[in-house]
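K.L.:
If it helps, the file is called run-v4.csv and holds CSV, C-alpha atoms and all ligand atoms:
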```
chain,number,residue,atom,x,y,z
M,29,MET,CA,-86.5,-7.2,51.8
M,30,ASN,CA,-85.8,-5.8,55.2
M,31,ASP,CA,-88.0,-2.7,55.0
M,32,CYS,CA,-91.1,-4.6,54.0
M,33,ILE,CA,-93.9,-4.1,56.6
M,34,PHE,CA,-95.5,-7.5,55.8
M,35,CYS,CA,-92.2,-9.3,56.0
M,36,LYS,CA,-91.8,-7.8,59.4
M,37,ILE,CA,-95.2,-9.1,60.4
M,38,VAL,CA,-94.2,-12.5,59.1
M,39,ASN,CA,-91.0,-12.6,61.2
M,40,GLY,CA,-92.7,-11.1,64.3
M,41,GLU,CA,-90.9,-7.7,64.3
M,42,ILE,CA,-94.3,-6.0,63.9
M,43,PRO,CA,-97.3,-7.3,65.8
M,44,SER,CA,-100.5,-8.4,64.0
M,45,ASN,CA,-103.8,-9.9,64.8
M,46,LYS,CA,-103.4,-13.3,63.2
M,47,VAL,CA,-106.4,-15.3,62.0
M,48,TYR,CA,-104.6,-18.1,60.2
M,49,GLU,CA,-101.0,-19.3,59.8
M,50,ASP,CA,-99.2,-22.2,58.3
M,51,ASP,CA,-95.7,-22.7,56.8
M,52,LYS,CA,-96.5,-20.9,53.6
M,53,ILE,CA,-99.1,-18.2,54.3
M,54,LEU,CA,-100.3,-15.8,57.0
M,55,SER,CA,-103.6,-14.1,57.5
M,56,PHE,CA,-104.2,-11.2,59.8
M,57,LYS,CA,-106.7,-8.4,60.4
M,58,ASP,CA,-106.3,-5.3,58.4
M,59,LEU,CA,-105.2,-2.3,60.5
M,60,ASN,CA,-107.8,0.0,58.9
M,61,PRO,CA,-110.8,-2.3,58.2
M,62,GLU,CA,-113.2,-1.3,55.4
M,63,ALA,CA,-115.8,-3.9,56.4
M,64,PRO,CA,-116.8,-5.7,59.6
M,65,VAL,CA,-114.5,-8.5,58.4
M,66,HIS,CA,-111.4,-7.4,56.7
M,67,VAL,CA,-108.3,-9.6,56.8
M,68,LEU,CA,-105.3,-9.8,54.6
M,69,ILE,CA,-103.8,-13.1,53.3
M,70,ILE,CA,-100.2,-13.0,52.3
M,71,PRO,CA,-97.5,-15.4,51.1
M,72,LYS,CA,-94.8,-15.6,53.8
M,73,LYS,CA,-92.1,-15.4,51.2
M,74,HIS,CA,-91.7,-11.8,49.9
M,75,ILE,CA,-93.0,-11.1,46.4
M,76,SER,CA,-93.5,-7.5,45.6
M,77,SER,CA,-96.4,-7.6,43.2
M,78,LEU,CA,-98.6,-9.8,41.1
M,79,ASN,CA,-96.3,-8.8,38.2
M,80,GLU,CA,-93.5,-10.9,39.8
M,81,VAL,CA,-95.5,-14.1,40.3
M,82,ASP,CA,-93.4,-17.2,39.3
M,83,ASP,CA,-94.1,-20.9,39.6
M,84,GLU,CA,-93.4,-21.0,43.3
M,85,ALA,CA,-95.5,-18.0,44.1
M,86,ALA,CA,-98.3,-19.3,41.9
M,87,GLU,CA,-98.3,-22.5,44.0
M,88,THR,CA,-98.5,-20.5,47.2
M,89,ILE,CA,-101.4,-18.4,45.8
M,90,ALA,CA,-103.2,-21.6,44.9
M,91,HIS,CA,-102.6,-22.7,48.5
M,92,ILE,CA,-104.2,-19.4,49.7
M,93,PHE,CA,-107.3,-20.2,47.7
M,94,LYS,CA,-107.4,-23.7,49.1
M,95,ILE,CA,-107.5,-22.3,52.6
M,96,VAL,CA,-110.3,-19.7,51.8
M,97,PRO,CA,-113.3,-22.0,52.4
M,98,LYS,CA,-112.1,-22.9,55.9
M,99,LEU,CA,-111.1,-19.3,56.7
M,100,VAL,CA,-114.4,-17.8,55.6
M,101,LYS,CA,-116.3,-20.3,57.6
M,102,GLU,CA,-114.2,-19.5,60.7
M,103,LEU,CA,-114.8,-15.8,60.1
M,104,GLY,CA,-118.6,-16.4,59.7
M,105,ILE,CA,-118.9,-15.0,56.2
M,106,ASP,CA,-119.2,-18.1,54.2
M,107,GLU,CA,-123.0,-17.9,53.9
M,108,GLY,CA,-123.3,-14.1,53.7
M,109,GLY,CA,-120.6,-13.8,51.0
M,110,TYR,CA,-117.4,-12.0,50.7
M,111,ARG,CA,-114.9,-10.4,48.3
M,112,ILE,CA,-111.3,-11.2,47.7
M,113,VAL,CA,-109.2,-8.5,46.0
M,114,SER,CA,-105.6,-7.9,45.3
M,115,ASN,CA,-104.4,-4.4,44.3
M,116,CYS,CA,-101.5,-4.1,42.0
M,117,GLY,CA,-99.4,-1.1,41.3
M,118,GLU,CA,-100.2,2.6,41.3
M,119,ASP,CA,-103.5,2.5,39.4
M,120,GLY,CA,-104.5,-0.6,41.4
M,121,GLY,CA,-104.0,1.3,44.6
M,122,GLN,CA,-101.3,-1.0,46.0
M,123,SER,CA,-99.7,0.6,49.0
M,124,VAL,CA,-97.7,-2.3,50.5
M,125,PRO,CA,-95.3,-3.9,48.0
M,126,HIS,CA,-95.7,-7.4,49.3
M,127,VAL,CA,-98.5,-9.4,47.5
M,128,HIS,CA,-101.6,-9.6,49.6
M,129,PHE,CA,-105.2,-10.5,49.2
M,130,HIS,CA,-107.9,-8.5,51.0
M,131,LEU,CA,-110.8,-10.6,52.2
M,132,LEU,CA,-113.8,-8.5,53.0
M,133,GLY,CA,-117.2,-9.4,54.3
M,134,GLY,CA,-119.8,-8.9,56.9
M,135,ARG,CA,-121.7,-6.2,55.0
M,136,SER,CA,-123.1,-5.7,51.5
M,137,LEU,CA,-120.2,-4.6,49.3
M,138,ASN,CA,-120.5,-2.0,46.5
M,139,TRP,CA,-119.6,-2.9,42.9
M,140,PRO,CA,-117.9,-1.6,40.9
M,141,PRO,CA,-115.2,-0.2,43.2
M,142,GLY,CA,-114.3,3.4,42.7
M,201,LIG,P1,-103.1,-2.1,49.6
M,201,LIG,O1,-103.4,-0.7,49.7
M,201,LIG,O2,-104.0,-2.9,48.7
M,201,LIG,O3,-101.6,-2.3,49.3
M,201,LIG,O4,-103.4,-2.7,51.1
M,201,LIG,C1,-102.5,-2.6,52.2
M,201,LIG,C2,-103.3,-2.8,53.4
M,201,LIG,O5,-102.5,-3.1,54.5
M,201,LIG,C3,-104.2,-1.6,53.8
M,201,LIG,O6,-105.6,-2.0,53.8
M,201,LIG,C4,-103.7,-1.3,55.2
M,201,LIG,O7,-104.7,-0.9,56.1
M,201,LIG,C5,-103.0,-2.6,55.6
M,201,LIG,N1,-102.0,-2.4,56.6
M,201,LIG,C6,-100.9,-1.6,56.5
M,201,LIG,N2,-100.1,-1.8,57.6
M,201,LIG,C7,-100.6,-2.8,58.3
M,201,LIG,C8,-100.3,-3.4,59.5
M,201,LIG,N3,-99.2,-3.1,60.2
M,201,LIG,N4,-101.1,-4.4,60.0
M,201,LIG,C9,-102.3,-4.7,59.4
M,201,LIG,N5,-102.7,-4.1,58.2
M,201,LIG,C10,-101.9,-3.2,57.7
M,202,ZN,ZN,-92.3,-8.5,52.2
```
So that I can check it, write out the structure of this file as structure tokens.
Ligand code: AMP
Ligand code: ZN

P.N.:
Amino acid sequence: MNDCIFCKIVNGEIPSNKVYEDDKILSFKDLNPEAPVHVLIIPKKHISSLNEVDDEAAETIAHIFKIVPKLVKELGIDEGGYRIVSNCGEDGGQSVPHVHFHLLGGRSLNWPPG
């Protein structure tokens, strides 16, 4: 998917502020942070939404959650707490059609979201 912003971030066409990378996933700072810590975690392989998750994507998503304890420690939010959220589709407020998880922390977060 050549027009996908996050694929362009993965292949280096668009710069990003990386906080973690391995062969399967990438994490970088959100351009418009909603909290003192706001990073996105994405599978490197394009998948447009959670509706499209197959076995391979599910493995990659499991891998994302294996990395979370290390990532939140590095970001200094492991003790204070944090939220991970993935928006899907129009009602979910998804604006970039490449699956991503928002990791937010560094302040007390409201619940429920609007
Ligand atoms: P969502 O609205 O859940 O699809 O989230 C998309 C997120 O991507 C938003 O929080 C945007 O601020 C963020 N975003 C869009 N373009 C970039 C970019 N080039 N670098 C970093 N974050 C971005
Ligand atoms: Zn993509």

K.L.:
Give me the residues near Val38 of chain M as a ChimeraX atom specification, where near means some atom within 12 Å (using only C-alpha atoms) and where sequence neighbours in that chain fewer than 4 positions away do not count.

P.N.:
/M:29-30,32-34,42-46,48-56,69-74,126

K.L.:
Kindly save the residues from that selection, with C-alpha atoms included, as a compact mmCIF listing (two decimals), in the coordinates of the input.

P.N.:
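Output file out17.txt follows:
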```txt
# COMPACT_ATOMS: atom_id res chain seq x y z
CA MET M 29 -86.50 -7.20 51.80
CA ASN M 30 -85.80 -5.80 55.20
CA CYS M 32 -91.10 -4.60 54.00
CA ILE M 33 -93.90 -4.10 56.60
CA PHE M 34 -95.50 -7.50 55.80
CA ILE M 42 -94.30 -6.00 63.90
CA PRO M 43 -97.30 -7.30 65.80
CA SER M 44 -100.50 -8.40 64.00
CA ASN M 45 -103.80 -9.90 64.80
CA LYS M 46 -103.40 -13.30 63.20
CA TYR M 48 -104.60 -18.10 60.20
CA GLU M 49 -101.00 -19.30 59.80
CA ASP M 50 -99.20 -22.20 58.30
CA ASP M 51 -95.70 -22.70 56.80
CA LYS M 52 -96.50 -20.90 53.60
CA ILE M 53 -99.10 -18.20 54.30
CA LEU M 54 -100.30 -15.80 57.00
CA SER M 55 -103.60 -14.10 57.50
CA PHE M 56 -104.20 -11.20 59.80
CA ILE M 69 -103.80 -13.10 53.30
CA ILE M 70 -100.20 -13.00 52.30
CA PRO M 71 -97.50 -15.40 51.10
CA LYS M 72 -94.80 -15.60 53.80
CA LYS M 73 -92.10 -15.40 51.20
CA HIS M 74 -91.70 -11.80 49.90
CA HIS M 126 -95.70 -7.40 49.30
```

K.L.:
Write out as a count of residues only which residues come within 6 Å of segment 98-114 of chain M when counting all atoms listed in the file, dropping same-chain ones fewer than 6 positions away.

P.N.:
5

K.L.:
Rounded to one decimal in Å, what is the spacing between atom CA of Gln122 of chain M and atom ZN of ligand ZN 202 (chain M)?

P.N.:
13.3 Å

K.L.:
What gap, in Å, lies between atom CA of Asp83 of chain M and atom CA of Glu41 of chain M?

P.N.:
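Interatomic distance, atom CA of Asp83 of chain M to atom CA of Glu41 of chain M: 28.2 Å.
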
K.L.:
So how many Å separate atom CA of Pro61 of chain M and atom CA of Glu87 of chain M, to one decimal?

P.N.:
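Atom CA of Glu87 of chain M lies 27.7 Å from atom CA of Pro61 of chain M.
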
K.L.:
Which residues are near ligand LIG 201 (chain M) - at most 6 Å, using all atoms listed in the file? Format: as a list in words.

P.N.:
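Residues satisfying the distance criterion: Ser44, Lys57, Asp58, Leu59, Asn60, Asn115, Gly121, Gln122, Ser123 and Val124 of chain M.
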